Amino acid sequence: RVALSGAITLIESRTETHRRQADLLLNYLLRHSNTDEKRELSSPSSFRVGIAGPPGAGKSSFIETFGLFVLDKEVKTISTIKDESRDSDNDETTDFQPSKLAVVCIDPSSTLTGGSILGDKTRMTELSRHDRAFVRPSPSRGTLGGIAAYTNDAICLCQAAGYDLVFVETVGLGQSEVEICEGVDMLILLVPPAGGDELQGVKKGIVEMASMLVVNKADGNLLPAARTTAADYGAAMRFFRNRDDGWDVPPILLVSAKTGEGMERVWEEICRFRRIMVESGELDKKRQRQSQYWMHKNVRDLIVSRARSDPVLREQAKRLETELTKGLITPRAAATELVDSL
């Protein structure tokens with residue numbers, strides 16, 4: 001875990017030397033992954049689950065309770081088809097029993113100072129001490145979409161280190177921040193009780209990208225409100241198109257991170273989703289599309305980084321900024337001139 005922490009710190013660095021070292025490390029792991037199927041960066045033996053939701057939905061508390069449930073309980077990870085007479089060959093594809101769990105928590109960074117509290121780990125005191133778990137908080141550094149620019153690389157490092165189940169906790173999301181979908185195999189949207197009426201569920205954005213919707217805090221006095229919220233979202237999500245081939249309308253479940261109720265049902269649905277995606281080949285196709293997405297995103301980020309570090313472009317940017325303040329040029333035209341100078 002110490003080595004994995006050091007590797008993630010390396011890929012988080014913005015220093016040019018560290019960036020090149022991180023590229024060498026990731027390429028080395030990719031080349032040597034074929035010798036060990038369990039550590040293959042794109043191997044279906046690993047599974048990545050994104051957990052998103054608005055601030056205050058209880059994401060960290062849910063991951064603490066659910067992660068301990070997955071690691072410590074004797075869970076038979078079979079799909080909801082309960083026919084015990086199925087042959088052993090088919091059972092082999094439906095069972096998923098992860099040996100280790102990694103959690104990558106993205107913490108929002110201050111827009112004023114750039115700092116982050118990195119406090120998500122404080123809500124995972126038991127899970128972070130588990131001998132088969134790894135919890136890593138990381139700053140978002142102003143990146144929108146719920147994850148950081150290097151989150152996909154951090155996930156790959158966790159998979160290469162033998163963590164066959166990876167949870168990615170996003171920052172508190174709004175409706176239009178959906179980049180988390182490009183870094184995980186399955187997206188769970190966590191919502192609090194009384195989070196809105198049926199119209200809230202109809203709105204496009206993160207809701208229509210979710211593979212499963214979980215209403216947290218379904219206990220005590222909030223249980224009736226949680227049931228109402230689940231019913232509202234259930235009525236709305238019937239109008240969404242299926243994002244993943246073979247996956248029906250996303251299930252809507254009630255859970256309580258406080259009491260542990262509903263965790264087994266969540267795990268059954270995750271295993272059912274994984275089995276369907278693996279058998280249909282959709283999991284491999286999705287990861288291939290995601291690799292292409294991150295290549296183009298890194299190209300955009302590198303262009304901006306090079307533009308800011310180039311002394312000639314910096315001088316040109318200062319000149320254009322002066323013209324902007326005088327009203328001699330529009331921001332769009334100034335940006336076009338800078339890009340043409342690359």
# chains A, B, ... in the order shown; residues from 1 in each chain; ligands from 1

call {"tool": "residues_around", "arguments": {"residues": "Thr125 in chain A", "least_positions_apart": "3", "cutoff": "12 Å", "atoms": "only C-alpha atoms", "output": "PyMOL selection string"}}
result
chain A and resi 60-61+63-65+67-68+119-122+128-130+133-135

call {"tool": "residues_around", "arguments": {"residues": "range 317-322 of chain A", "least_positions_apart": "3", "cutoff": "10 Å", "atoms": "only C-alpha atoms", "output": "number ranges by chain"}}
result
A: 307-308, 311-314, 325-331, 333-335, 337-338

call {"tool": "atom_distance", "arguments": {"atom1": "CA of Arg19 in chain A", "atom2": "CA of Gln292 in chain A"}}
result
19.7 Å

call {"tool": "residues_around", "arguments": {"residues": "Pro250 in chain A", "least_positions_apart": "5", "cutoff": "9 Å", "atoms": "only C-alpha atoms", "output": "list in words"}}
result
Ala210, Ser211, Met212, Leu213, Gly234, Met237, Arg238 and Asn242 of chain A

call {"tool": "closest_residue", "arguments": {"among": "A:Met186, A:Ala218, A:Leu26, A:Val191", "to": "Ala57 in chain A", "atoms": "only C-alpha atoms"}}
result
A:Val191

call {"tool": "closest_residue", "arguments": {"among": "A:Ala225, A:Ala257, A:Ile8, A:Ala160", "to": "Phe69 in chain A", "atoms": "only C-alpha atoms"}}
result
A:Ala257

call {"tool": "residues_around", "arguments": {"residues": "Val215 in chain A", "least_positions_apart": "3", "cutoff": "6 Å", "atoms": "only C-alpha atoms", "output": "PyMOL selection string"}}
result
chain A and resi 190-192+254

call {"tool": "select_by_dssp", "arguments": {"residues": "range 180-337 of chain A", "states": "helix (DSSP H, G or I)", "output": "PyMOL selection string"}}
result
chain A and resi 180-182+198-202+206-209+220-239+263-280+282-309+311-325+331-337

call {"tool": "write_last_selection", "arguments": {"atoms": "C-alpha atoms", "output": "JSON list (two decimals), in the first residue's frame"}}
result
[["chain", "number", "residue", "atom", "x", "y", "z"],
["A", 180, "ILE", "CA", -17.28, 10.02, -13.79],
["A", 181, "CYS", "CA", -18.98, 7.73, -16.35],
["A", 182, "GLU", "CA", -15.79, 7.76, -18.44],
["A", 198, "GLU", "CA", -40.83, 13.32, -9.94],
["A", 199, "LEU", "CA", -39.74, 16.22, -12.15],
["A", 200, "GLN", "CA", -36.31, 16.07, -10.52],
["A", 201, "GLY", "CA", -35.89, 12.53, -11.80],
["A", 202, "VAL", "CA", -36.97, 13.41, -15.32],
["A", 206, "ILE", "CA", -26.31, 12.48, -14.10],
["A", 207, "VAL", "CA", -29.64, 10.70, -13.44],
["A", 208, "GLU", "CA", -29.91, 9.24, -16.94],
["A", 209, "MET", "CA", -26.28, 8.08, -16.81],
["A", 220, "GLY", "CA", -35.87, 6.16, 11.39],
["A", 221, "ASN", "CA", -37.97, 9.22, 10.68],
["A", 222, "LEU", "CA", -36.55, 9.52, 7.17],
["A", 223, "LEU", "CA", -37.83, 6.12, 6.01],
["A", 224, "PRO", "CA", -41.21, 7.41, 4.70],
["A", 225, "ALA", "CA", -39.47, 10.25, 2.85],
["A", 226, "ALA", "CA", -36.96, 7.76, 1.39],
["A", 227, "ARG", "CA", -39.78, 5.56, 0.08],
["A", 228, "THR", "CA", -41.47, 8.59, -1.50],
["A", 229, "THR", "CA", -38.20, 9.63, -3.16],
["A", 230, "ALA", "CA", -37.67, 6.11, -4.54],
["A", 231, "ALA", "CA", -41.22, 6.08, -5.94],
["A", 232, "ASP", "CA", -40.75, 9.50, -7.59],
["A", 233, "TYR", "CA", -37.52, 8.47, -9.28],
["A", 234, "GLY", "CA", -39.01, 5.11, -10.27],
["A", 235, "ALA", "CA", -41.88, 6.81, -12.07],
["A", 236, "ALA", "CA", -39.51, 9.19, -13.86],
["A", 237, "MET", "CA", -36.81, 6.76, -14.95],
["A", 238, "ARG", "CA", -39.21, 4.72, -17.04],
["A", 239, "PHE", "CA", -38.81, 7.37, -19.75],
["A", 263, "MET", "CA", -26.39, -3.61, 1.37],
["A", 264, "GLU", "CA", -26.83, -7.21, 0.25],
["A", 265, "ARG", "CA", -29.36, -6.19, -2.40],
["A", 266, "VAL", "CA", -26.97, -3.52, -3.72],
["A", 267, "TRP", "CA", -24.21, -6.12, -4.02],
["A", 268, "GLU", "CA", -26.51, -8.56, -5.84],
["A", 269, "GLU", "CA", -27.39, -5.89, -8.41],
["A", 270, "ILE", "CA", -23.71, -4.97, -8.91],
["A", 271, "CYS", "CA", -22.88, -8.63, -9.58],
["A", 272, "ARG", "CA", -25.84, -8.97, -11.94],
["A", 273, "PHE", "CA", -24.78, -5.87, -13.86],
["A", 274, "ARG", "CA", -21.19, -7.11, -14.11],
["A", 275, "ARG", "CA", -22.26, -10.54, -15.32],
["A", 276, "ILE", "CA", -24.47, -9.06, -18.06],
["A", 277, "MET", "CA", -21.74, -6.66, -19.22],
["A", 278, "VAL", "CA", -19.05, -9.38, -19.30],
["A", 279, "GLU", "CA", -21.20, -11.94, -21.12],
["A", 280, "SER", "CA", -22.37, -9.43, -23.74],
["A", 282, "GLU", "CA", -20.12, -4.56, -23.45],
["A", 283, "LEU", "CA", -17.57, -4.20, -20.63],
["A", 284, "ASP", "CA", -14.62, -4.48, -23.02],
["A", 285, "LYS", "CA", -16.23, -2.11, -25.52],
["A", 286, "LYS", "CA", -16.91, 0.45, -22.80],
["A", 287, "ARG", "CA", -13.31, 0.38, -21.59],
["A", 288, "GLN", "CA", -12.03, 0.80, -25.13],
["A", 289, "ARG", "CA", -14.23, 3.88, -25.60],
["A", 290, "GLN", "CA", -13.05, 5.23, -22.27],
["A", 291, "SER", "CA", -9.39, 4.84, -23.25],
["A", 292, "GLN", "CA", -10.02, 6.91, -26.37],
["A", 293, "TYR", "CA", -11.82, 9.55, -24.31],
["A", 294, "TRP", "CA", -8.92, 9.92, -21.86],
["A", 295, "MET", "CA", -6.41, 10.14, -24.70],
["A", 296, "HIS", "CA", -8.23, 13.15, -26.18],
["A", 297, "LYS", "CA", -8.73, 14.71, -22.74],
["A", 298, "ASN", "CA", -5.01, 14.41, -21.98],
["A", 299, "VAL", "CA", -4.26, 16.04, -25.34],
["A", 300, "ARG", "CA", -6.39, 19.05, -24.37],
["A", 301, "ASP", "CA", -4.78, 19.26, -20.93],
["A", 302, "LEU", "CA", -1.25, 19.03, -22.38],
["A", 303, "ILE", "CA", -1.98, 21.77, -24.92],
["A", 304, "VAL", "CA", -3.11, 24.10, -22.14],
["A", 305, "SER", "CA", -0.10, 23.17, -20.00],
["A", 306, "ARG", "CA", 2.36, 23.76, -22.84],
["A", 307, "ALA", "CA", 0.70, 27.05, -23.73],
["A", 308, "ARG", "CA", 1.10, 28.31, -20.17],
["A", 309, "SER", "CA", 4.73, 27.22, -19.90],
["A", 311, "PRO", "CA", 7.56, 32.00, -22.80],
["A", 312, "VAL", "CA", 6.65, 33.21, -26.30],
["A", 313, "LEU", "CA", 2.99, 32.30, -25.82],
["A", 314, "ARG", "CA", 2.96, 33.91, -22.39],
["A", 315, "GLU", "CA", 4.10, 37.20, -23.89],
["A", 316, "GLN", "CA", 1.51, 36.90, -26.62],
["A", 317, "ALA", "CA", -1.16, 36.15, -24.00],
["A", 318, "LYS", "CA", -0.21, 39.30, -22.07],
["A", 319, "ARG", "CA", -0.53, 41.36, -25.25],
["A", 320, "LEU", "CA", -3.94, 39.87, -25.99],
["A", 321, "GLU", "CA", -5.05, 40.47, -22.40],
["A", 322, "THR", "CA", -4.18, 44.14, -22.83],
["A", 323, "GLU", "CA", -6.23, 44.28, -26.03],
["A", 324, "LEU", "CA", -9.12, 42.56, -24.23],
["A", 325, "THR", "CA", -9.16, 45.18, -21.49],
["A", 331, "PRO", "CA", -12.15, 36.51, -26.02],
["A", 332, "ARG", "CA", -13.00, 34.05, -28.78],
["A", 333, "ALA", "CA", -10.76, 35.76, -31.33],
["A", 334, "ALA", "CA", -7.94, 36.03, -28.76],
["A", 335, "ALA", "CA", -8.18, 32.31, -28.02],
["A", 336, "THR", "CA", -8.11, 31.48, -31.73],
["A", 337, "GLU", "CA", -4.96, 33.56, -32.20]]

call {"tool": "atom_distance", "arguments": {"atom1": "CA of Glu12 in chain A", "atom2": "CA of Tyr150 in chain A"}}
result
6.4 Å
